[in-house]
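Some notes on the structure that comes next.
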Amino acid sequence: MRPDLFEAPDYYNIDDLLSEEHKLVRDAARQWVKREISPIIEDYAQRAQFPKQIIGGLAEIGAFGPYIPAAYGGAGLDQISYGLIMQEIERGDSGVRSTASVQSSLVMYPIYAYGNEDQRKKYLPKLATGELMGCFGLTEPNHGSNPSGMETKFKDMGDHYLLNGAKLWISNAPFADIAIVWAKNEAGRIHGLIVERGMPGFSTPETHHKWSLRASATGELIFDNVKVPKENLLEGKNGLGAPLGCLDSARYGIAWGAIGAAMDCYDTALRYAKERVQFGKPIAATQLQQKKLAEMLTEITKAQLMALRLGQLKNQGKASSAQISMAKRNNVAMALNIAREARQVLGAMGITGDYSIMRHMMNLESVITYEGTHDIHLLITGADITGFPAFE
Ligand code: TGC
Ligand code: FAD
């Protein structure tokens with residue numbers, strides 16, 4: 001991989017709308033990515049390995065629980081800082097951002113929002129430092145877009161719960177110390193349980209042969225008569241709205257993260273186009289390449305403004321789930337389109353690991369699928385504006 005020469009585009013001076021704290025947090029994450037992620041990530045992606053040594057660094061830049069209060073070990077930052085951290089990490093790699101998203105919004109958030117004080121004190125400080133890593137099990141072999149049909153279930157055995165079922169496509173599963181598992185009780189109501197590695201009957205086989213998100217470890221969660229202590233139930237919220245509430249937070253982070261991947265592809269393509277000479281002039285001097293680059297920057301600028309406004313709404317507690325869906329859908333599709341266009345700007349060089357574009361492009365195929373597919377988010381917007389849910 002070539003040296004990381006990234007310069008962030010800011011065509012509308014969006015920096016002027018950020019606070020000093022936002023910029024400090026963002027710049028610290030940006031420098032860390034340049035120093036610790038860019039030099040190694042292509043190699044780990046090619047080998048389909050998660051670089052475990054980066055966990056401490058992710059914790060140091062505040063990527064684990066950015067908006068969780070400091071009293072529980074979080075960084076106590078606002079939602080815009082959270083978004084900016086995700087943007088910078090995904091500028092490096094979507095798989096690394098996935099690790100941070102899952103830890104923050106799908107593991108720490110449910111413990112913080114739905115857990116009791118004992119659970120918060122037991123898990124959150126260790127999750128914030130990366131001493132404990134977590135994963136989130138909602139998707140099942142037969143239930144992806146429609147999690148309400150889940151088959152994983154638990155039974156009240158008096159002094160403990162007995163958990164049976166399976167989850168598929170779970171980020172961080174192969175190395176996670178704990179799993180937030182969504183399962184139905186005997187009445188068919190969905191609840192969250194904290195399942196710990198080492199509980200007999202609980203296994204996490206790794207999913208291999210992915211062409212996407214190769215530097216992120218993905219696996220299954222298998223529960224074969226797992227005895228879960230009663231104190232591991234998340235009592236604060238139940239029903240499908242509980243896991244979907246966590247997804248709101250993670251989808252919001254992805255709306256920002258995707259901008260990072262898009263910025264990296266645009267910046268790489270711009271630099272390459274200025275340097276690459278064909279027919280006696282830089283390809284950047286041709287109208288067709290300028291069209292690609294100008295449209296990329298226009299789309300990035302629109303996405304930046306959308307994410308920032310959503311962040312303001314989120315800070316005020318006013319961002320609706322449907323607004324978050326729109327931003328996740330728009331910004332991920334924007335990034336994937338830019339990755340595809342940017343790859344063409346680089347010609348044959350675009351398919352090599354010398355540049356980050358092809359890795360971003362392949363990663364974004366997962367990002368446009370997980371946390372609700374592109375089509376499901378369209379249906380969420382459709383239901384919100386018409387009042388007619390068209391899922392079934
Ligand atoms: P529906 O009847 O619409 O809703 C059921 C209950 O949930 C409430 N609700 C929400 N609550 C909070 N946040 C949201 N975003 C919510 N959306 C809905 C709703 O109000 C209702 O509450 P109540 O009290 O009336 O019961 O449910 P539905 O079964 O019709 O499904 C709706 C649908 C399709 C939108 C939903 O199921 C969905 O979003 N499906 C997509 C599944 C998904 O996103 N899975 C993600 C798995 S995790 C993951 O991918 C992690 S990747 C991590 C990484 O590596 O970064
Ligand atoms: P399906 O639901 O089978 O959908 C297949 C296609 O049908 C899609 O195009 C979809 O849009 C379309 N479709 C479905 N329903 C409708 C409809 N009503 N109308 C029109 N079209 C429809 N899950 C977790 O729980 N935790 C994780 O940590 C996690 N990490 C992941 C990591 C990776 C790398 C990947 C790829 C996935 C991960 N997932 C995780 C799972 C992810 O959330 C699901 O893949 C996603 O929700 C879609 O489910 P599915 O793959 O079963 O597709």
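All residue names refer to the structure tokens as shown: chains lettered A, B, ... in order, residues numbered from 1 in each chain, ligands numbered from 1 in order.
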Neighbour list for A:Ser366 as an mmCIF file with N, CA, C and O atoms, in the first residue's frame, cut-off 8 Å, only C-alpha atoms, skip fewer than 4 positions in-chain:
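Listed below is the output, result18.cif:
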data_model
loop_
_atom_site.group_PDB
_atom_site.id
_atom_site.type_symbol
_atom_site.label_atom_id
_atom_site.label_comp_id
_atom_site.auth_asym_id
_atom_site.auth_seq_id
_atom_site.Cartn_x
_atom_site.Cartn_y
_atom_site.Cartn_z
ATOM 1 N N SER A 212 -15.714 -9.172 1.288
ATOM 2 C CA SER A 212 -16.039 -7.839 1.787
ATOM 3 C C SER A 212 -15.736 -7.812 3.281
ATOM 4 O O SER A 212 -15.836 -8.848 3.942
ATOM 5 N N LEU A 213 -15.376 -6.640 3.785
ATOM 6 C CA LEU A 213 -15.114 -6.487 5.216
ATOM 7 C C LEU A 213 -14.156 -7.576 5.720
ATOM 8 O O LEU A 213 -14.370 -8.184 6.764
ATOM 9 N N MET A 362 -15.455 -2.978 -1.986
ATOM 10 C CA MET A 362 -15.928 -4.301 -1.538
ATOM 11 C C MET A 362 -16.520 -4.207 -0.131
ATOM 12 O O MET A 362 -17.548 -4.823 0.160
ATOM 13 N N TYR A 370 -25.828 -4.464 5.703
ATOM 14 C CA TYR A 370 -26.100 -4.646 7.135
ATOM 15 C C TYR A 370 -26.765 -3.415 7.754
ATOM 16 O O TYR A 370 -26.856 -2.373 7.130
#
Within 6 Å of ligand 2: each chain A residue with its shortest pair, only C-alpha atoms and all ligand atoms, as JSON lines:
{"residue": "A:Phe136", "atom": "CA", "partner": "ligand 2", "partner_atom_place_in_ligand_line": "26 (N)", "distance": 5.0}
{"residue": "A:Gly137", "atom": "CA", "partner": "ligand 2", "partner_atom_place_in_ligand_line": "25 (O)", "distance": 4.3}
{"residue": "A:Leu138", "atom": "CA", "partner": "ligand 2", "partner_atom_place_in_ligand_line": "25 (O)", "distance": 3.5}
{"residue": "A:Thr139", "atom": "CA", "partner": "ligand 2", "partner_atom_place_in_ligand_line": "25 (O)", "distance": 3.8}
{"residue": "A:His143", "atom": "CA", "partner": "ligand 2", "partner_atom_place_in_ligand_line": "52 (O)", "distance": 5.7}
{"residue": "A:Gly144", "atom": "CA", "partner": "ligand 2", "partner_atom_place_in_ligand_line": "52 (O)", "distance": 3.2}
{"residue": "A:Ser145", "atom": "CA", "partner": "ligand 2", "partner_atom_place_in_ligand_line": "2 (O)", "distance": 3.6}
{"residue": "A:Trp169", "atom": "CA", "partner": "ligand 2", "partner_atom_place_in_ligand_line": "38 (C)", "distance": 4.5}
{"residue": "A:Ile170", "atom": "CA", "partner": "ligand 2", "partner_atom_place_in_ligand_line": "28 (O)", "distance": 3.7}
{"residue": "A:Ser171", "atom": "CA", "partner": "ligand 2", "partner_atom_place_in_ligand_line": "28 (O)", "distance": 3.8}
{"residue": "A:Leu213", "atom": "CA", "partner": "ligand 2", "partner_atom_place_in_ligand_line": "34 (C)", "distance": 5.9}
{"residue": "A:Ser366", "atom": "CA", "partner": "ligand 2", "partner_atom_place_in_ligand_line": "36 (C)", "distance": 4.6}
{"residue": "A:Thr369", "atom": "CA", "partner": "ligand 2", "partner_atom_place_in_ligand_line": "46 (C)", "distance": 5.4}
{"residue": "A:Tyr370", "atom": "CA", "partner": "ligand 2", "partner_atom_place_in_ligand_line": "43 (O)", "distance": 3.8}
{"residue": "A:Glu371", "atom": "CA", "partner": "ligand 2", "partner_atom_place_in_ligand_line": "43 (O)", "distance": 4.7}
{"residue": "A:Gly372", "atom": "CA", "partner": "ligand 2", "partner_atom_place_in_ligand_line": "47 (O)", "distance": 4.7}
{"residue": "A:Thr373", "atom": "CA", "partner": "ligand 2", "partner_atom_place_in_ligand_line": "11 (O)", "distance": 4.9}
{"residue": "A:Asp375", "atom": "CA", "partner": "ligand 2", "partner_atom_place_in_ligand_line": "11 (O)", "distance": 4.5}
{"residue": "A:Ile376", "atom": "CA", "partner": "ligand 2", "partner_atom_place_in_ligand_line": "11 (O)", "distance": 5.3}
{"residue": "A:Phe391", "atom": "CA", "partner": "ligand 2", "partner_atom_place_in_ligand_line": "18 (N)", "distance": 3.9}
{"residue": "A:Glu392", "atom": "CA", "partner": "ligand 2", "partner_atom_place_in_ligand_line": "18 (N)", "distance": 5.5}
Those same residues - C-alpha atoms - I'd like them written as an mmCIF file, in the first residue's frame.
data_model
loop_
_atom_site.group_PDB
_atom_site.id
_atom_site.type_symbol
_atom_site.label_atom_id
_atom_site.label_comp_id
_atom_site.auth_asym_id
_atom_site.auth_seq_id
_atom_site.Cartn_x
_atom_site.Cartn_y
_atom_site.Cartn_z
ATOM 1 C CA PHE A 136 -24.643 -8.131 18.890
ATOM 2 C CA GLY A 137 -26.787 -11.054 17.788
ATOM 3 C CA LEU A 138 -30.021 -10.180 16.027
ATOM 4 C CA THR A 139 -29.828 -11.747 12.529
ATOM 5 C CA HIS A 143 -34.582 -14.003 9.656
ATOM 6 C CA GLY A 144 -32.485 -11.095 8.345
ATOM 7 C CA SER A 145 -34.616 -8.145 7.275
ATOM 8 C CA TRP A 169 -23.392 -12.862 10.259
ATOM 9 C CA ILE A 170 -22.294 -11.460 13.611
ATOM 10 C CA SER A 171 -19.472 -8.886 13.542
ATOM 11 C CA LEU A 213 -15.114 -6.487 5.216
ATOM 12 C CA SER A 366 -21.566 -5.158 3.324
ATOM 13 C CA THR A 369 -26.553 -4.639 3.372
ATOM 14 C CA TYR A 370 -26.100 -4.646 7.135
ATOM 15 C CA GLU A 371 -27.972 -2.526 9.677
ATOM 16 C CA GLY A 372 -30.932 -2.711 7.275
ATOM 17 C CA THR A 373 -30.506 -3.139 3.525
ATOM 18 C CA ASP A 375 -34.232 -1.451 0.066
ATOM 19 C CA ILE A 376 -35.455 -1.854 3.657
ATOM 20 C CA PHE A 391 -42.850 -4.681 4.280
ATOM 21 C CA GLU A 392 -45.302 -7.563 4.064
#
Could you work out how far atom 41 (C, counted along the ligand's line) of ligand 1 lies from atom CA of A:Thr386, giving the answer in Å with one decimal?
->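 Computing the Euclidean distance for atom CA of A:Thr386 and atom 41 (C, counted along the ligand's line) of ligand 1 yields 19.0 Å.
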Within 12 Å of A:Asn331 using only C-alpha atoms, minus same-chain residues under 5 positions, as an mmCIF file with N, CA and C atoms, in the first residue's frame:
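New file part-v5.cif:
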data_model
loop_
_atom_site.group_PDB
_atom_site.id
_atom_site.type_symbol
_atom_site.label_atom_id
_atom_site.label_comp_id
_atom_site.auth_asym_id
_atom_site.auth_seq_id
_atom_site.Cartn_x
_atom_site.Cartn_y
_atom_site.Cartn_z
ATOM 1 N N GLN A 87 -16.501 8.644 10.944
ATOM 2 C CA GLN A 87 -16.068 9.080 9.612
ATOM 3 C C GLN A 87 -14.570 8.822 9.417
ATOM 4 N N ARG A 251 -26.792 2.958 12.991
ATOM 5 C CA ARG A 251 -27.066 3.452 11.625
ATOM 6 C C ARG A 251 -26.659 4.919 11.492
ATOM 7 N N TYR A 252 -26.879 5.681 12.553
ATOM 8 C CA TYR A 252 -26.458 7.089 12.558
ATOM 9 C C TYR A 252 -24.932 7.170 12.367
ATOM 10 N N GLY A 253 -24.204 6.328 13.089
ATOM 11 C CA GLY A 253 -22.727 6.323 12.959
ATOM 12 C C GLY A 253 -22.288 5.926 11.556
ATOM 13 N N ILE A 254 -23.041 5.002 10.944
ATOM 14 C CA ILE A 254 -22.687 4.560 9.586
ATOM 15 C C ILE A 254 -22.923 5.690 8.584
ATOM 16 N N ALA A 255 -23.965 6.499 8.823
ATOM 17 C CA ALA A 255 -24.238 7.621 7.912
ATOM 18 C C ALA A 255 -23.014 8.545 7.836
ATOM 19 N N TRP A 256 -22.329 8.707 8.956
ATOM 20 C CA TRP A 256 -21.082 9.495 8.971
ATOM 21 C C TRP A 256 -19.914 8.671 8.432
ATOM 22 N N GLY A 257 -19.850 7.417 8.838
ATOM 23 C CA GLY A 257 -18.706 6.582 8.460
ATOM 24 C C GLY A 257 -18.559 6.486 6.951
ATOM 25 N N ALA A 258 -19.685 6.305 6.272
ATOM 26 C CA ALA A 258 -19.635 6.144 4.815
ATOM 27 C C ALA A 258 -19.012 7.368 4.141
ATOM 28 N N ILE A 259 -19.189 8.541 4.748
ATOM 29 C CA ILE A 259 -18.587 9.754 4.170
ATOM 30 C C ILE A 259 -17.054 9.605 4.172
ATOM 31 N N GLY A 260 -16.535 8.991 5.230
ATOM 32 C CA GLY A 260 -15.082 8.791 5.309
ATOM 33 C C GLY A 260 -14.577 7.939 4.156
ATOM 34 N N ALA A 261 -15.267 6.823 3.888
ATOM 35 C CA ALA A 261 -14.839 5.948 2.784
ATOM 36 C C ALA A 261 -14.924 6.715 1.461
ATOM 37 N N ALA A 262 -16.005 7.481 1.290
ATOM 38 C CA ALA A 262 -16.178 8.247 0.048
ATOM 39 C C ALA A 262 -15.074 9.298 -0.102
ATOM 40 N N MET A 263 -14.737 9.985 1.000
ATOM 41 C CA MET A 263 -13.703 11.024 0.934
ATOM 42 C C MET A 263 -12.364 10.411 0.535
ATOM 43 N N MET A 296 -18.549 13.545 -7.633
ATOM 44 C CA MET A 296 -18.171 12.932 -6.341
ATOM 45 C C MET A 296 -18.180 13.979 -5.239
ATOM 46 N N GLU A 299 -21.657 15.132 -4.248
ATOM 47 C CA GLU A 299 -22.378 14.150 -3.423
ATOM 48 C C GLU A 299 -21.807 14.077 -2.008
ATOM 49 N N ILE A 300 -20.483 14.163 -1.890
ATOM 50 C CA ILE A 300 -19.860 14.154 -0.547
ATOM 51 C C ILE A 300 -20.350 15.369 0.242
ATOM 52 N N THR A 301 -20.383 16.525 -0.408
ATOM 53 C CA THR A 301 -20.795 17.762 0.282
ATOM 54 C C THR A 301 -22.239 17.648 0.765
ATOM 55 N N LYS A 302 -23.123 17.104 -0.092
ATOM 56 C CA LYS A 302 -24.525 16.923 0.321
ATOM 57 C C LYS A 302 -24.609 15.963 1.513
ATOM 58 N N ALA A 303 -23.826 14.897 1.441
ATOM 59 C CA ALA A 303 -23.857 13.904 2.533
ATOM 60 C C ALA A 303 -23.325 14.499 3.838
ATOM 61 N N GLN A 304 -22.286 15.336 3.729
ATOM 62 C CA GLN A 304 -21.726 15.980 4.942
ATOM 63 C C GLN A 304 -22.789 16.855 5.604
ATOM 64 N N LEU A 305 -23.515 17.601 4.793
ATOM 65 C CA LEU A 305 -24.534 18.506 5.358
ATOM 66 C C LEU A 305 -25.676 17.710 5.988
ATOM 67 N N MET A 306 -26.046 16.614 5.334
ATOM 68 C CA MET A 306 -27.119 15.769 5.870
ATOM 69 C C MET A 306 -26.700 15.179 7.230
ATOM 70 N N ALA A 307 -25.475 14.680 7.283
ATOM 71 C CA ALA A 307 -25.003 14.056 8.524
ATOM 72 C C ALA A 307 -24.911 15.089 9.646
ATOM 73 N N ILE A 324 -32.953 8.864 10.405
ATOM 74 C CA ILE A 324 -31.671 8.153 10.448
ATOM 75 C C ILE A 324 -31.581 7.165 9.278
ATOM 76 N N SER A 325 -32.689 6.472 8.995
ATOM 77 C CA SER A 325 -32.705 5.531 7.862
ATOM 78 C C SER A 325 -32.362 6.240 6.556
ATOM 79 N N MET A 326 -32.944 7.418 6.360
ATOM 80 C CA MET A 326 -32.699 8.144 5.105
ATOM 81 C C MET A 326 -31.210 8.468 4.947
ATOM 82 N N LEU A 336 -20.694 4.075 -2.081
ATOM 83 C CA LEU A 336 -20.469 2.937 -2.975
ATOM 84 C C LEU A 336 -20.380 3.416 -4.429
ATOM 85 N N ASN A 337 -21.237 4.337 -4.818
ATOM 86 C CA ASN A 337 -21.163 4.877 -6.185
ATOM 87 C C ASN A 337 -19.835 5.584 -6.417
ATOM 88 N N ILE A 338 -19.396 6.334 -5.426
ATOM 89 C CA ILE A 338 -18.115 7.054 -5.575
ATOM 90 C C ILE A 338 -16.957 6.060 -5.666
ATOM 91 N N LEU A 364 -18.023 -1.709 1.191
ATOM 92 C CA LEU A 364 -19.311 -1.005 1.185
ATOM 93 C C LEU A 364 -20.460 -1.897 0.727
ATOM 94 N N VAL A 367 -21.713 -2.826 3.932
ATOM 95 C CA VAL A 367 -22.304 -1.697 4.661
ATOM 96 C C VAL A 367 -23.692 -1.372 4.102
ATOM 97 N N ILE A 368 -23.861 -1.578 2.779
ATOM 98 C CA ILE A 368 -25.159 -1.279 2.167
ATOM 99 C C ILE A 368 -26.178 -2.392 2.465
ATOM 100 N N HIS A 374 -30.374 -1.493 1.790
ATOM 101 C CA HIS A 374 -30.731 -0.284 1.032
ATOM 102 C C HIS A 374 -32.242 -0.263 0.773
ATOM 103 N N HIS A 377 -34.399 0.323 4.001
ATOM 104 C CA HIS A 377 -34.424 1.739 4.420
ATOM 105 C C HIS A 377 -35.332 2.577 3.525
#
If you count only C-alpha atoms, which residues fall within 6 Å of stretch 23-39 of chain A, apart from same-chain ones fewer than 3 positions away, as a ChimeraX atom specification?
-> /A:20,61,84-85,88
Same residues, C-alpha atoms, output as a short mmCIF file (atom, residue, chain, number, x, y, z; two decimals), in the first residue's frame:
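So out_18.cif came out as:
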data_model
loop_
_atom_site.label_atom_id
_atom_site.label_comp_id
_atom_site.auth_asym_id
_atom_site.auth_seq_id
_atom_site.Cartn_x
_atom_site.Cartn_y
_atom_site.Cartn_z
CA GLU A 20 -13.15 23.27 18.71
CA ILE A 61 -9.33 7.90 20.45
CA LEU A 84 -16.76 12.43 13.16
CA ILE A 85 -14.87 9.59 14.87
CA GLU A 88 -12.34 9.07 10.27
#
Nearest-residue call for ligand 1, choices A:Arg309, A:Lys184, A:Arg359, A:Lys167, using only C-alpha atoms and all ligand atoms |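 Smallest distance to ligand 1 is found for A:Lys167.
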In stretch 24-139 of chain A, DSSP strand (DSSP E or B) residues written as JSON, numbers by chain = {"A": [134, 135, 136, 137]}
Next, dump the selected residues to file, keeping only C-alpha atoms, as a PDB file, in the first residue's frame.
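Output below, filename selection_29.pdb:
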ATOM      1  CA  GLY A 134     -18.652  -7.429  22.527  1.00  0.00           C
ATOM      2  CA  CYS A 135     -20.922  -8.451  19.669  1.00  0.00           C
ATOM      3  CA  PHE A 136     -24.643  -8.131  18.890  1.00  0.00           C
ATOM      4  CA  GLY A 137     -26.787 -11.054  17.788  1.00  0.00           C
TER       5      GLY A 137
END
Have a look at A:Phe202, A:Tyr161, A:Tyr355, A:Tyr72 and name the one nearest to A:Ile178; count only C-alpha atoms.
->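 Using only C-alpha atoms, the shortest distance to A:Ile178 belongs to A:Phe202.
Closest approach to ligand 1 from the set A:Ala75, A:Leu18, A:Val226, A:Leu379 is made by A:Leu379, with distances taken over only C-alpha atoms and all ligand atoms.
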Which is closer to A:Leu77 than all the others in A:Gly387, A:Asn315, A:Asp248, A:Glu235, using only C-alpha atoms?
-> A:Asn315
Extract, using only C-alpha atoms, all DNA, RNA and protein residues at most 12 Å from A:Arg276, discarding same-chain residues fewer than 3 positions from it, and format them as a ChimeraX atom specification.
-> /A:268-273,279-286,289,345-347,349
Next, write the just-selected residues to a file, as a PDB file, in the first residue's frame, keeping N, CA, C and O atoms as the atom set.
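And here is the file that came out, result-v7.pdb:
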ATOM      1  N   THR A 268      -8.172  10.047  -3.386  1.00  0.00           N
ATOM      2  CA  THR A 268      -7.220   9.202  -4.118  1.00  0.00           C
ATOM      3  C   THR A 268      -7.386   9.396  -5.626  1.00  0.00           C
ATOM      4  O   THR A 268      -6.404   9.530  -6.367  1.00  0.00           O
ATOM      5  N   ALA A 269      -8.647   9.430  -6.081  1.00  0.00           N
ATOM      6  CA  ALA A 269      -8.909   9.570  -7.516  1.00  0.00           C
ATOM      7  C   ALA A 269      -8.457  10.937  -8.023  1.00  0.00           C
ATOM      8  O   ALA A 269      -7.895  11.058  -9.120  1.00  0.00           O
ATOM      9  N   LEU A 270      -8.693  11.979  -7.220  1.00  0.00           N
ATOM     10  CA  LEU A 270      -8.295  13.344  -7.632  1.00  0.00           C
ATOM     11  C   LEU A 270      -6.777  13.406  -7.809  1.00  0.00           C
ATOM     12  O   LEU A 270      -6.260  13.917  -8.817  1.00  0.00           O
ATOM     13  N   ARG A 271      -6.057  12.880  -6.811  1.00  0.00           N
ATOM     14  CA  ARG A 271      -4.590  12.931  -6.864  1.00  0.00           C
ATOM     15  C   ARG A 271      -4.083  12.141  -8.072  1.00  0.00           C
ATOM     16  O   ARG A 271      -3.216  12.601  -8.825  1.00  0.00           O
ATOM     17  N   TYR A 272      -4.655  10.969  -8.268  1.00  0.00           N
ATOM     18  CA  TYR A 272      -4.212  10.104  -9.374  1.00  0.00           C
ATOM     19  C   TYR A 272      -4.493  10.795 -10.713  1.00  0.00           C
ATOM     20  O   TYR A 272      -3.657  10.793 -11.619  1.00  0.00           O
ATOM     21  N   ALA A 273      -5.676  11.380 -10.841  1.00  0.00           N
ATOM     22  CA  ALA A 273      -6.078  11.988 -12.115  1.00  0.00           C
ATOM     23  C   ALA A 273      -5.175  13.169 -12.481  1.00  0.00           C
ATOM     24  O   ALA A 273      -4.910  13.427 -13.660  1.00  0.00           O
ATOM     25  N   PHE A 279      -2.492  10.599 -23.541  1.00  0.00           N
ATOM     26  CA  PHE A 279      -2.682  11.490 -24.701  1.00  0.00           C
ATOM     27  C   PHE A 279      -2.046  12.862 -24.459  1.00  0.00           C
ATOM     28  O   PHE A 279      -2.583  13.899 -24.833  1.00  0.00           O
ATOM     29  N   GLY A 280      -0.900  12.840 -23.759  1.00  0.00           N
ATOM     30  CA  GLY A 280      -0.111  14.063 -23.609  1.00  0.00           C
ATOM     31  C   GLY A 280      -0.603  15.036 -22.552  1.00  0.00           C
ATOM     32  O   GLY A 280      -0.090  16.152 -22.435  1.00  0.00           O
ATOM     33  N   LYS A 281      -1.605  14.673 -21.755  1.00  0.00           N
ATOM     34  CA  LYS A 281      -2.049  15.595 -20.694  1.00  0.00           C
ATOM     35  C   LYS A 281      -2.601  14.785 -19.508  1.00  0.00           C
ATOM     36  O   LYS A 281      -3.007  13.627 -19.686  1.00  0.00           O
ATOM     37  N   PRO A 282      -2.632  15.412 -18.322  1.00  0.00           N
ATOM     38  CA  PRO A 282      -3.197  14.675 -17.175  1.00  0.00           C
ATOM     39  C   PRO A 282      -4.650  14.293 -17.470  1.00  0.00           C
ATOM     40  O   PRO A 282      -5.379  15.100 -18.079  1.00  0.00           O
ATOM     41  N   ILE A 283      -5.052  13.111 -17.069  1.00  0.00           N
ATOM     42  CA  ILE A 283      -6.452  12.729 -17.325  1.00  0.00           C
ATOM     43  C   ILE A 283      -7.415  13.677 -16.604  1.00  0.00           C
ATOM     44  O   ILE A 283      -8.569  13.811 -16.997  1.00  0.00           O
ATOM     45  N   ALA A 284      -6.928  14.372 -15.528  1.00  0.00           N
ATOM     46  CA  ALA A 284      -7.769  15.358 -14.819  1.00  0.00           C
ATOM     47  C   ALA A 284      -8.160  16.518 -15.726  1.00  0.00           C
ATOM     48  O   ALA A 284      -9.100  17.257 -15.431  1.00  0.00           O
ATOM     49  N   ALA A 285      -7.443  16.684 -16.828  1.00  0.00           N
ATOM     50  CA  ALA A 285      -7.755  17.793 -17.754  1.00  0.00           C
ATOM     51  C   ALA A 285      -8.822  17.390 -18.772  1.00  0.00           C
ATOM     52  O   ALA A 285      -9.169  18.192 -19.632  1.00  0.00           O
ATOM     53  N   THR A 286      -9.321  16.154 -18.687  1.00  0.00           N
ATOM     54  CA  THR A 286     -10.369  15.735 -19.632  1.00  0.00           C
ATOM     55  C   THR A 286     -11.745  15.960 -18.997  1.00  0.00           C
ATOM     56  O   THR A 286     -11.915  15.845 -17.775  1.00  0.00           O
ATOM     57  N   GLN A 289     -13.327  12.883 -16.931  1.00  0.00           N
ATOM     58  CA  GLN A 289     -12.813  12.645 -15.563  1.00  0.00           C
ATOM     59  C   GLN A 289     -13.254  13.783 -14.637  1.00  0.00           C
ATOM     60  O   GLN A 289     -13.540  13.573 -13.466  1.00  0.00           O
ATOM     61  N   VAL A 345     -11.410   5.720 -12.418  1.00  0.00           N
ATOM     62  CA  VAL A 345     -10.440   6.799 -12.666  1.00  0.00           C
ATOM     63  C   VAL A 345      -9.014   6.243 -12.612  1.00  0.00           C
ATOM     64  O   VAL A 345      -8.131   6.682 -13.345  1.00  0.00           O
ATOM     65  N   LEU A 346      -8.792   5.255 -11.771  1.00  0.00           N
ATOM     66  CA  LEU A 346      -7.440   4.697 -11.622  1.00  0.00           C
ATOM     67  C   LEU A 346      -7.125   3.627 -12.661  1.00  0.00           C
ATOM     68  O   LEU A 346      -6.025   3.053 -12.643  1.00  0.00           O
ATOM     69  N   GLY A 347      -8.042   3.348 -13.565  1.00  0.00           N
ATOM     70  CA  GLY A 347      -7.774   2.322 -14.566  1.00  0.00           C
ATOM     71  C   GLY A 347      -7.391   1.007 -13.902  1.00  0.00           C
ATOM     72  O   GLY A 347      -7.945   0.643 -12.860  1.00  0.00           O
ATOM     73  N   MET A 349      -4.818   0.265 -12.226  1.00  0.00           N
ATOM     74  CA  MET A 349      -4.254   0.417 -10.875  1.00  0.00           C
ATOM     75  C   MET A 349      -5.357   0.371  -9.811  1.00  0.00           C
ATOM     76  O   MET A 349      -5.104   0.030  -8.657  1.00  0.00           O
TER      77      MET A 349
END
